[in-house]
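As provided, structure32.cif (mmCIF, C-alpha atoms) reads as follows.
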data_my_file
#
loop_
_atom_site.group_PDB
_atom_site.id
_atom_site.type_symbol
_atom_site.label_atom_id
_atom_site.label_comp_id
_atom_site.auth_asym_id
_atom_site.auth_seq_id
_atom_site.Cartn_x
_atom_site.Cartn_y
_atom_site.Cartn_z
ATOM 1 C CA MET D 1 27.774 -23.899 59.767
ATOM 2 C CA ALA D 2 30.714 -23.656 57.354
ATOM 3 C CA LYS D 3 31.124 -20.895 54.805
ATOM 4 C CA LYS D 4 30.254 -21.912 51.274
ATOM 5 C CA TYR D 5 32.888 -19.679 49.657
ATOM 6 C CA LYS D 6 36.430 -19.052 50.887
ATOM 7 C CA TYR D 7 36.671 -15.694 49.096
ATOM 8 C CA THR D 8 34.305 -12.960 47.985
ATOM 9 C CA LEU D 9 34.935 -10.476 45.210
ATOM 10 C CA GLY D 10 33.064 -7.287 46.101
ATOM 11 C CA ILE D 11 32.300 -4.913 43.228
ATOM 12 C CA ASP D 12 30.964 -1.344 43.228
ATOM 13 C CA PRO D 13 30.486 -0.923 39.456
ATOM 14 C CA SER D 14 30.542 2.319 37.530
ATOM 15 C CA GLY D 15 29.903 2.055 33.819
ATOM 16 C CA ALA D 16 30.200 5.812 33.324
ATOM 17 C CA PHE D 17 32.563 5.886 30.379
ATOM 18 C CA LYS D 18 30.957 8.533 28.147
ATOM 19 C CA GLU D 19 29.144 10.302 30.955
ATOM 20 C CA GLY D 20 32.148 10.925 33.143
ATOM 21 C CA SER D 21 35.165 9.288 34.647
ATOM 22 C CA GLY D 22 33.752 6.007 35.870
ATOM 23 C CA THR D 23 35.666 4.199 38.578
ATOM 24 C CA THR D 24 34.712 0.708 39.694
ATOM 25 C CA GLY D 25 35.920 -0.291 43.127
ATOM 26 C CA TRP D 26 36.653 -3.925 43.930
ATOM 27 C CA CYS D 27 38.083 -6.046 46.721
ATOM 28 C CA VAL D 28 38.782 -9.660 47.575
ATOM 29 C CA LEU D 29 37.751 -10.657 51.081
ATOM 30 C CA ASP D 30 39.060 -13.756 52.864
ATOM 31 C CA ASN D 31 35.792 -15.060 54.258
ATOM 32 C CA LYS D 32 37.379 -17.111 57.055
ATOM 33 C CA THR D 33 39.276 -14.191 58.580
ATOM 34 C CA ASN D 34 36.979 -11.421 57.274
ATOM 35 C CA SER D 35 40.086 -9.591 56.090
ATOM 36 C CA LEU D 36 41.041 -7.894 52.851
ATOM 37 C CA VAL D 37 43.359 -9.759 50.506
ATOM 38 C CA GLU D 38 43.311 -7.334 47.565
ATOM 39 C CA VAL D 39 41.719 -3.954 46.876
ATOM 40 C CA GLY D 40 41.695 -1.942 43.679
ATOM 41 C CA THR D 41 39.882 0.040 41.035
ATOM 42 C CA VAL D 42 39.152 -0.151 37.327
ATOM 43 C CA ALA D 43 39.136 3.407 35.938
ATOM 44 C CA ALA D 44 37.470 4.432 32.678
ATOM 45 C CA LYS D 45 40.203 7.017 32.031
ATOM 46 C CA ASP D 46 42.659 4.152 31.468
ATOM 47 C CA TYR D 47 40.774 2.838 28.413
ATOM 48 C CA LYS D 48 40.126 4.192 24.931
ATOM 49 C CA THR D 49 36.628 2.759 24.505
ATOM 50 C CA ALA D 50 33.717 1.710 26.676
ATOM 51 C CA HIS D 51 34.104 -1.839 25.383
ATOM 52 C CA GLU D 52 37.740 -1.970 26.529
ATOM 53 C CA TYR D 53 36.684 -0.595 29.925
ATOM 54 C CA TRP D 54 33.922 -3.176 30.259
ATOM 55 C CA GLU D 55 36.249 -5.964 29.101
ATOM 56 C CA ALA D 56 38.699 -4.991 31.874
ATOM 57 C CA HIS D 57 35.967 -5.832 34.415
ATOM 58 C CA LEU D 58 35.442 -9.265 32.897
ATOM 59 C CA LYS D 59 39.176 -10.011 32.790
ATOM 60 C CA LEU D 60 39.449 -9.022 36.448
ATOM 61 C CA ILE D 61 36.596 -11.320 37.478
ATOM 62 C CA LYS D 62 38.027 -14.201 35.442
ATOM 63 C CA GLN D 63 41.563 -13.742 36.853
ATOM 64 C CA LEU D 64 40.418 -13.476 40.458
ATOM 65 C CA ASN D 65 38.057 -16.437 40.125
ATOM 66 C CA LYS D 66 40.978 -18.508 38.847
ATOM 67 C CA ARG D 67 43.452 -17.168 41.436
ATOM 68 C CA TYR D 68 41.156 -17.835 44.398
ATOM 69 C CA ASN D 69 39.614 -21.034 43.057
ATOM 70 C CA LYS D 70 35.918 -20.247 42.784
ATOM 71 C CA ILE D 71 34.832 -17.007 44.389
ATOM 72 C CA ALA D 72 31.447 -15.497 45.079
ATOM 73 C CA VAL D 73 30.900 -12.137 43.391
ATOM 74 C CA SER D 74 28.971 -9.618 45.494
ATOM 75 C CA ILE D 75 27.806 -6.650 43.433
ATOM 76 C CA GLU D 76 26.167 -3.322 44.155
ATOM 77 C CA ASP D 77 23.006 -3.019 42.070
ATOM 78 C CA TYR D 78 21.863 0.087 40.255
ATOM 79 C CA ILE D 79 18.428 1.360 41.134
ATOM 80 C CA LEU D 80 16.908 4.492 39.646
ATOM 81 C CA TYR D 81 15.189 6.148 42.580
ATOM 82 C CA LYS D 82 12.340 8.569 41.932
ATOM 83 C CA ASN D 83 14.095 11.470 43.653
ATOM 84 C CA HIS D 84 17.122 11.065 41.333
ATOM 85 C CA ALA D 85 15.258 10.264 38.111
ATOM 86 C CA MET D 86 15.482 13.767 36.637
ATOM 87 C CA ALA D 87 19.274 13.721 36.911
ATOM 88 C CA HIS D 88 19.270 10.737 34.534
ATOM 89 C CA VAL D 89 17.159 12.231 31.764
ATOM 90 C CA ASN D 90 18.963 11.553 28.458
ATOM 91 C CA SER D 91 21.428 9.297 30.267
ATOM 92 C CA GLN D 92 22.556 6.100 28.559
ATOM 93 C CA LEU D 93 22.608 4.408 31.972
ATOM 94 C CA GLU D 94 26.027 2.921 31.312
ATOM 95 C CA THR D 95 26.279 1.365 34.770
ATOM 96 C CA VAL D 96 23.124 -0.623 34.088
ATOM 97 C CA GLN D 97 24.674 -1.858 30.838
ATOM 98 C CA LEU D 98 27.873 -2.848 32.657
ATOM 99 C CA LEU D 99 25.869 -4.722 35.291
ATOM 100 C CA GLY D 100 24.119 -6.702 32.568
ATOM 101 C CA ILE D 101 27.463 -7.605 31.001
ATOM 102 C CA ILE D 102 28.887 -8.710 34.363
ATOM 103 C CA LYS D 103 25.808 -10.771 35.226
ATOM 104 C CA HIS D 104 25.815 -12.513 31.843
ATOM 105 C CA PHE D 105 29.569 -13.148 32.079
ATOM 106 C CA CYS D 106 29.235 -14.688 35.548
ATOM 107 C CA TRP D 107 26.329 -16.838 34.364
ATOM 108 C CA SER D 108 28.298 -17.959 31.273
ATOM 109 C CA TYR D 109 31.308 -19.023 33.365
ATOM 110 C CA ALA D 110 29.277 -20.518 36.234
ATOM 111 C CA ILE D 111 30.558 -17.888 38.675
ATOM 112 C CA ASP D 112 28.008 -17.353 41.414
ATOM 113 C CA TYR D 113 27.004 -13.734 41.908
ATOM 114 C CA TYR D 114 24.832 -11.960 44.435
ATOM 115 C CA ILE D 115 23.436 -8.491 43.897
ATOM 116 C CA ARG D 116 21.831 -5.959 46.232
ATOM 117 C CA PRO D 117 21.152 -2.210 46.354
ATOM 118 C CA ALA D 118 23.554 0.189 48.020
ATOM 119 C CA VAL D 119 20.978 1.050 50.692
ATOM 120 C CA ALA D 120 21.171 -2.531 51.973
ATOM 121 C CA VAL D 121 24.799 -2.071 53.056
ATOM 122 C CA LYS D 122 25.662 1.654 53.333
ATOM 123 C CA LYS D 123 24.373 2.178 56.870
ATOM 124 C CA ARG D 124 24.856 -1.402 58.085
ATOM 125 C CA TRP D 125 28.529 -1.295 57.126
ATOM 126 C CA ALA D 126 29.337 2.383 57.618
ATOM 127 C CA ASP D 127 33.001 3.358 57.697
ATOM 128 C CA ASP D 128 33.082 3.489 61.510
ATOM 129 C CA ILE D 129 31.830 -0.115 61.663
ATOM 130 C CA LEU D 130 34.451 -1.286 59.149
ATOM 131 C CA LEU D 131 37.071 0.424 61.329
ATOM 132 C CA TYR D 132 35.666 -1.068 64.555
ATOM 133 C CA LYS D 133 35.729 -4.577 63.068
ATOM 134 C CA GLY D 134 39.323 -4.089 61.881
ATOM 135 C CA ILE D 135 38.453 -4.518 58.210
ATOM 136 C CA LEU D 136 39.859 -1.023 57.594
ATOM 137 C CA THR D 137 42.263 1.175 59.535
ATOM 138 C CA MET D 138 42.996 4.893 59.516
ATOM 139 C CA THR D 139 46.374 6.295 58.570
ATOM 140 C CA GLY D 140 46.185 10.023 59.147
ATOM 141 C CA ARG D 141 42.959 11.059 57.455
ATOM 142 C CA HIS D 142 42.919 8.132 55.016
ATOM 143 C CA TYR D 143 41.218 4.753 55.181
ATOM 144 C CA THR D 144 43.784 2.011 54.655
ATOM 145 C CA VAL D 145 44.066 -1.755 54.362
ATOM 146 C CA PRO D 146 45.198 -3.094 57.778
ATOM 147 C CA GLY D 147 48.910 -3.825 57.986
ATOM 148 C CA THR D 148 49.630 -1.757 54.863
ATOM 149 C CA LYS D 149 49.769 1.875 53.804
ATOM 150 C CA GLN D 150 47.442 1.219 50.872
ATOM 151 C CA THR D 151 44.728 3.867 50.880
ATOM 152 C CA VAL D 152 41.168 2.869 50.074
ATOM 153 C CA CYS D 153 38.934 5.195 48.033
ATOM 154 C CA GLU D 154 35.156 5.550 48.357
ATOM 155 C CA HIS D 155 34.449 3.109 45.506
ATOM 156 C CA GLU D 156 36.702 0.482 47.084
ATOM 157 C CA ARG D 157 35.005 0.998 50.465
ATOM 158 C CA ASP D 158 31.621 0.430 48.826
ATOM 159 C CA ALA D 159 32.923 -2.813 47.293
ATOM 160 C CA ILE D 160 34.186 -3.828 50.757
ATOM 161 C CA ARG D 161 30.729 -3.189 52.235
ATOM 162 C CA HIS D 162 29.170 -5.577 49.707
ATOM 163 C CA ALA D 163 31.787 -8.286 50.291
ATOM 164 C CA VAL D 164 31.466 -8.057 54.086
ATOM 165 C CA HIS D 165 27.671 -8.053 53.897
ATOM 166 C CA PHE D 166 27.660 -11.141 51.702
ATOM 167 C CA ASN D 167 30.113 -12.971 53.957
ATOM 168 C CA THR D 168 28.212 -12.061 57.116
ATOM 169 C CA PHE D 169 24.650 -12.727 56.037
ATOM 170 C CA GLU D 170 24.588 -14.756 52.803
ATOM 171 C CA ASN D 171 27.673 -16.981 52.688
ATOM 172 C CA LYS D 172 26.168 -20.112 54.199
ATOM 173 C CA GLU D 173 26.649 -23.722 53.258
ATOM 174 C CA VAL D 174 23.549 -25.073 51.565
ATOM 175 C CA THR D 175 22.166 -28.110 53.395
#
What is this file in structure tokens?
Amino acid sequence: MAKKYKYTLGIDPSGAFKEGSGTTGWCVLDNKTNSLVEVGTVAAKDYKTAHEYWEAHLKLIKQLNKRYNKIAVSIEDYILYKNHAMAHVNSQLETVQLLGIIKHFCWSYAIDYYIRPAVAVKKRWADDILLYKGILTMTGRHYTVPGTKQTVCEHERDAIRHAVHFNTFENKEVT
């Protein structure tokens, strides 16, 4: 069965603008070769306001959707687990707000998105599996994009997990 989408944009969102230095990881995966085309981050520290930071996410999605001619967006969801609830007392839950903005934006522009919790991909696509499958390589003690010296941070690796998971299990042609 053919793949429905040629490319997947994986996103590990962090809306933490006021509450810390949020860093969203993202990647573009070529679904035919299961290889990385682009990897990057959007960092809150680079913007003066939360709205500018959030807008940077939307511009990125719009640009990549245009560049790769209709992508699927695979996003890590935010779930407030009971054992972490106390840590979020008085939190504005900025990541949840950012997720809502991204979901509405994708809906408004007819960009298909798929969302799942981190626990669905963390163990299934652990770093050693991404290395074994050749999606990542090691250069010294750093994870890198194969064939390059570009290092990949934790947020980018989480975005990669979501893109690979989508391509492996969800990217099927509808019959």
Checklist entry - Which residues match the PyMOL selection byres ((chain D and resi 21-34) around 9) in the file above, as number ranges by chain? => result D: 3, 5-20, 35-45, 57, 64, 71, 95, 134-135, 153-160, 163-164, 167-168, 171
Next on the checklist: Can you spell out as a list in words the set of residues that the PyMOL selection byres ((chain D and resi 112) around 6) selects in the structure I just provided?
Outcome noted: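 That selection, the PyMOL selection byres ((chain D and resi 112) around 6), comes back as Ala72, Ile111 and Tyr113 of chain D.
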Would you save the residues from that selection as a short mmCIF file (atom, residue, chain, number, x, y, z; two decimals), in the frame of the given file, using C-alpha atoms?
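Generated output (part32.cif):
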data_model
loop_
_atom_site.label_atom_id
_atom_site.label_comp_id
_atom_site.auth_asym_id
_atom_site.auth_seq_id
_atom_site.Cartn_x
_atom_site.Cartn_y
_atom_site.Cartn_z
CA ALA D 72 31.45 -15.50 45.08
CA ILE D 111 30.56 -17.89 38.67
CA TYR D 113 27.00 -13.73 41.91
#
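As for CA of Val73 (chain D) and CA of Tyr132 (chain D), they are spaced 24.4 Å apart.
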Could you give me, as a tab-separated table, every region 57-133 of chain D residue with an atom at most 10 Å from region 141-148 of chain D, plus its closest atom pair and distance in Å to one decimal, counting all atoms listed in the file, rows ordered by chain then number?
residue	atom	partner	partner_atom	distance
D:Asp127	CA	D:Tyr143	CA	8.7
D:Leu130	CA	D:Tyr143	CA	9.9
D:Leu131	CA	D:Tyr143	CA	8.6
Next on the checklist: What does the structure give for the distance between CA of Glu52 (chain D) and CA of Tyr114 (chain D), in Å to one decimal?
Outcome noted: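 Pair CA of Glu52 (chain D) / CA of Tyr114 (chain D) returns 24.2 Å.
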Checklist entry - So how many Å separate CA of Ile129 (chain D) and CA of Pro117 (chain D), to one decimal? => result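 CA of Ile129 (chain D) sits 18.8 Å away from CA of Pro117 (chain D).
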